[in-house]
Amino acid sequence: MPRQADIDRHDTDILILGTGGAGLFAALHARQSAPPGTKITIAVKGLIGKCGCTRMVQGGYNVALGPGDSVERHFMDTIQGGKWLPDQDMAWKLCEQAVVRVRELENEIGCFFDRESDGHLHHKAFAGQTADRTVHKGDLTGIEIINRLMEQVLSRPIERLQEHRAIGLIPNRDGSALAGVLFIDMRAGKFRFVRAKTVLMATGGGPTMYKYHTPSGDKTMDGLAMALRLGLPLRDMEMVQFHPTGLLAGDHTRMTGTVLEEGLRGAGGQLINHSGQRFMFDYDQKGERATRDVVSRGIYTEMRKNNDPEQEGVFISMAHLGPDNVRRKFKGMVKRCADSGFDLAAGKVEVVPTAHYFMGGVIVDSDTRTAIEGLYVAGEDAGGAHGSNRLGGNGVANSTVYGGVAGDTMGADIRKMGALRDADETVLAAEIERALRPSAKKPGHILGLRQKLQTAMWDEVGVMRTEAGMKRGLKHIAEIGDELLETGVDGSNLAFNLTWHDWLNMASLTEVSEVIARAGLARENSRGAHFREDFPEPGDLESSYFTVARQTGDTVGVGREQVKFSIVKPGETVLPEGEPETLVAQP
Amino acid sequence: MEVAVWRGDETGGRYETFDVPAQDNQTILDVVTWIQQNSDATLTYRFACRVGMCGSCAMMVNGTPRWTCRTHVRKVLKGNRLQVAPLQNLPVIKDLAADMDPFFDKWVRVGGRHEPGKTRHDQIEAIPPDTPDRENADAGIECINCSVCYAACDTVRGNPDYLGPAALQRAWTIVNDEKHAGRQQILNTVAASDGCFNCHSMGNCTVHCPNGLDPMNAIAGLKRAVTKNRFKRGG
Amino acid sequence: MMLDVRLYLAQRISAMIMAPLVFIHLGMMVYAIQGGLSAAEILGRTQGSVFWMLFYGLFVAAASLHAAIGLRVIVHETLRLRGMALRALTWGLFAVFFVMGARAVMAVTMI
Amino acid sequence: MQSYRNHPLWLAFLLHRLSGLGLALFLPAHFYVLGLALTDPGRLDGVLHWADSPVVKFAEFGLVFLLAVHMFGGLRLLALEFLPWPGPQKSLAAGALAGAFLISGAFLLKAI
Ligand SMILES: Cc1cc2nc3c(=O)[nH]c(=O)nc-3n(C[C@H](O)[C@H](O)[C@H](O)COP(=O)(O)OP(=O)(O)OC[C@H]3O[C@@H](n4cnc5c(N)ncnc54)[C@H](O)[C@@H]3O)c2cc1C
Ligand code: HEM
Ligand code: SF4
Ligand code: F3S
Ligand code: FES
């Protein structure tokens with residue numbers, strides 16, 4: 001077992017965790033804002049720009065640049081979509097700065113978003129929007145954004161720590177500020193402690209503790225688990241967004257859970273249950289075109305009714321639109337399904353709701369500062385901007401806007417900061433011991449545990465929840481956590497040892513799963529993504545509260561805090577009088 | 001099925017054989033994952049998105065570079081046997097994980113980043129999507145930098161300094177991007193030795209690009225553009 | 001260290017020059033070969049002809065340049081030769097080809 | 001051969017390279033033989049007679065074949081590089097090969 005003396009130690013000024021939209025933007029803005037000579041380091045669990053979910057963005061980016069659209073309208077949609085739970089200052093800044101950020105992406109970073117034939121930006125509308133607002137690059141918007149950002153970062157003198165996994169946020173001796181971050185250099189299998197004056201955490205959440213999930217494989221809630229252990233308050237932790245149509249291809253393939261795009265339903269795709277019937281109109285007058293949460297619940301209800309292990313999900317069928325037409329319009333999706341053996345154009349494909357996005361996260365102010373000096377959080381790791389529901393297209397807007405804000409804020413704050421802080425060596429030692437724990441135990445089957453956790457979360461803390469279910473869920477999670485602590489990993493060679501990282505992934509996921517269940521119990525109403533069968537009503541909007549979870553010692557406590565309607569109150573609007581309710585042509 | 005997997009690191013290695021149960025809807029990534037999760041916990045490989053967007057998972061499958069998360073076993077299985085190795089033309093880190101830095105270093109070296117002519121305070125330019133330049137730029141834009149073409153190119157194999165198909169394709173995109181402020185500079189870079197003129201149009205890149213892109217054609221475009229530019233400037 | 005625009009153009013232009021020459025040359029061969037080759041026959045046609053001298057002179061120059069650059073590429077990619085050695089090899093090959101070729105042209109076209 | 005090379009464009013490349021190499025190796029020999037006319041016309045004749053034997057005929061056919069293959073392959077490349085060629089490069093490769101066979105075939109027929 002390495003002693004602390006064997007840890008590689010390393011100093012920098014600005015340290016950024018993660019290379020999604022938030023991390024990469026932060027690096028670029030930090031370079032623009034920080035005094036010359038500031039050392040910037042970017043550390044990531046995978047390869048720069050090649051991991052995380054920003055790259056996987058398909059639909060696009062919400063920005064109020066479309067004809068007739070306004071920041072006010074975007075803001076109102078965000079508040080209403082979030083069922084009045086969003087932090088309004090954050091939501092406002094999101095909508096306002098998205099305009100700047102998209103111009104920056106186009107003019108400075110080099111993205112090219114799809115155009116109308118006259119050369120102006122093309123905008124489309126996701127469900128839940130009252131204007132055509134989403135800019136995109138075909139259905140591979142994330143690749144365009146991340147590739148361009150990645151090039152900008154790679155070609156600047158920014159220090160890179162690739163395949164470096166953050167495992168602990170280490171405070172200074174008196175706990176008043178952050179000293180640095182403990183990593184595992186995954187390739188070497190060694191520990192590395194990096195001190196920095198400011199640290200941005202942008203590890204992107206990612207609800208991958210569900211049986212079906214969309215995010216990329218490197219995302220396992222490490223960030224939120226680290227924040228929890230540091231004692232930071234987390235909000236909206238019960239809010240897990242499910243995408244209604246994840247591919248169902250069996251539990252032996254990593255393809256399962258991956259998204260079949262929203263546009264399929266928008267274009268007229270039909271959902272068919274086990275008895276061959278369309279069912280969505282039983283749940284909502286918009287049928288398949290209803291919002292994500294509604295469709296997810298519809299599908300989930302049908303699945304429960306059926307309860308057939310042979311045919312778990314429902315089917316999406318496009319064939320009535322003409323296979324050639326479908327092939328042309330959804331080229332990428334059709335090819336992707338074909339690669340995994342399904343015919344989307346002419347046949348039908350089995351789908352399930354799949355955990356997609358995590359609205360909860362660390363409490364931050366609208367400049368990304370947290371409760372502890374030196375730590376900043378942006379992107380999916382930060383809570384508040386979306387409330388109970390994230391609109392399609394607001395995710396990448398959020399990560400890029402706040403990543404940039406974080407870079408600027410760190411660049412400014414660092415001017416006031418003196419020397420690097422010394423770490424609390426006992427916390428450092430404890431984190432190392434924690435990570436090395438499995439190498440002292442008898443190797444076991446980690447995948448089995450992960451499957452148990454994913455089933456427990458899907459069944460008990462999933463699309464539809466009850467008090468009894470979540471309590472059962474908590475019991476399972478606790479058992480799984482205990483079992484994990486007794487499960488070992490062959491530690492003879494820790495270099496690029498994926499199984500060790502699977503163990504660490506499980507540790508983060510189990511910790512955060514518990515918080516999700518506890519926060520779910522604390523919210524006794526149904527808002528957005530959180531649906532309680534025992535409390536199906538949204539409750540009084542005026543007295544809306546959000547949940548705040550915090551770990552003290554070994555226990556997680558969840559409280560409630562009143563939502564501040566700092567810009568607009570329920571029942572009111574910031575839109576000028578006489579504005580139409582929606583600008584989107586109704587089908 | 002019988003799966004031979006390359007095990008080792010930069011100092012060398014050998015194939016080890018595993019017996020993996022066949023399943024419907026099984027990709028090469030699933031096969032490799034199965035081995036790590038059920039048979040040999042020390043196996044190293046790389047993936048992220050699992051749906052063909054991140055370009056982290058490419059490996060040599062039966063001697064051909066492929067994205068493994070989107071390669072169905074059925075498509076490549078030969079006599080119930082499979083052979084999986086790390087991507088060639090790149091250094092190996094461990095087992096199936098290659099070091100992709102040289103690939104990205106060339107992406108940077110070619111000048112593959114946007115040089116802005118405008119700022120975030122300017123309006124977004126109206127650019128019709130169907131001009132020939134824009135269509136040329138768009139043709140290569142969906143590159144996921146997976147390195148499959150780079151591993152497939154025997155010119156890279158012979159000349160490790162050659163910029164390679166993906167970086168050159170990026171250069172071609174930029175040359176056609178009217179928003180880019182330094183297009184001449186890119187032409188100079190690719191005209192130098194180790195640039196576009198090393199390409200022998202052997203087409204491995206185009207044939208194997210999992211996204212159906214055509215770097216060979218992009219490089220031909222560069223050759224033409226540099227040549228034209230050369231004569232225009234006289235000598 | 002490998003092909004830049006100058007070498008590339010030299011190789012492509014020499015190729016373009018050779019294309020028609022090869023056609024004619026091959027045509028001649030097909031024609032001449034009927035009834036067997038003899039020195040007298042060949043020389044009778046070519047000796048003293050300024051046209052053939054220019055024709056083959058150009059051919060030899062182009063081919064020497066073209067082949068030298070071609071070999072340079074192959075040697076670089078298969079034997080990893082680079083730097084001065086590679087440059088020396090290229091021009092050495094060119095010189096050998098060119099001198100031998102020039103001798104051959106003189107032999108068949110001068111009286 | 002590794003499977004990733006198993007397609008017409010790569011075969012065309014290989015053929016072009018091998019034929020180019022073959023030609024480059026033959027070139028000095030060819031020049032040497034013709035150069036004999038300058039020093040020793042008798043020996044040139046001898047060589048040319050010797051060239052009448054079927055083995056040498058066949059070798060010579062091979063050479064013309066190489067030249068034809070290389071030339072058509074080269075023209076194919078030039079077209080690919082200098083004309084903004086859209087797509088059908090495979091047929092171009094096949095066409096080049098066919099042309100080469102035509103020429104060298106004609107040569108062979110004549111020669112026999
Ligand atoms: C399939 C899919 C489609 C989507 N489509 C859309 C869409 O159309 N529109 C939209 O607005 N949003 C969409 N989203 C949501 C959007 O992608 C995310 O909300 C957003 O990109 C998150 O950005 P981020 O920078 O916070 O995190 P990410 O982009 O996920 O980046 C997180 C980074 O942190 C790294 N990391 C994780 N753990 C560690 C650790 N322990 N140490 C070091 N590094 C670590 C990761 O490797 C990664 O680099 C989609 C999401 C998915 C999964
Ligand atoms: C009609 C005549 C010819 C044409 C159109 C032609 C065309 C070409 C072209 C375009 C190339 C570049 C290939 C590449 O970069 O991949 C090439 C390479 C080459 N050529 Fe020629 N050529 C001709 C005649 C010859 C002759 C007569 C010789 C030899 C004496 C020759 C020897 C070579 C060699 C050695 C190469 C290098 C091959 C390689 O890089 O793979 N060529 N030729
Ligand atoms: S061009 Fe194709 S093969 Fe090459 S890196 Fe890009 S996507 Fe991969
Ligand atoms: S494989 Fe290589 S040689 Fe050219 S055509 Fe593609 S870059
Ligand atoms: S895992 Fe992302 S491309 Fe295969």
# chains A, B, ... in the order shown; residues from 1 in each chain; ligands from 1
>>> select_by_dssp(residues="stretch 35-153 of chain A", states="strand (DSSP E or B)", output="list in words")
Ile40, Thr41, Ile42, Ala43, Tyr61, Asn62, Arg115, Leu121, Lys124, Thr134 and Val135 of chain A
>>> residues_near_ligand(ligand="ligand 5", cutoff="12 Å", atoms="only C-alpha atoms and all ligand atoms", output="count of residues only")
54
>>> select_by_dssp(residues="chain C", states="helix (DSSP H, G or I)", output="MDAnalysis selection string")
chainID C and resid 5:33 39:46 50:79 83:109
>>> atom_distance(atom1="atom CA of B:Ala192", atom2="atom CA of C:Arg6")
9.3 Å
>>> residues_near_ligand(ligand="ligand 4", cutoff="8 Å", atoms="only C-alpha atoms and all ligand atoms", output="list in words")
Cys149, Tyr150, Ala152, Cys153, Asp154, Thr155, Val156, Gly164, Pro165, Asn198, Cys199, His200, Ser201, Met202, Gly203, Asn204, Cys205, Thr206, Pro215, Met216, Asn217 and Ile219 of chain B
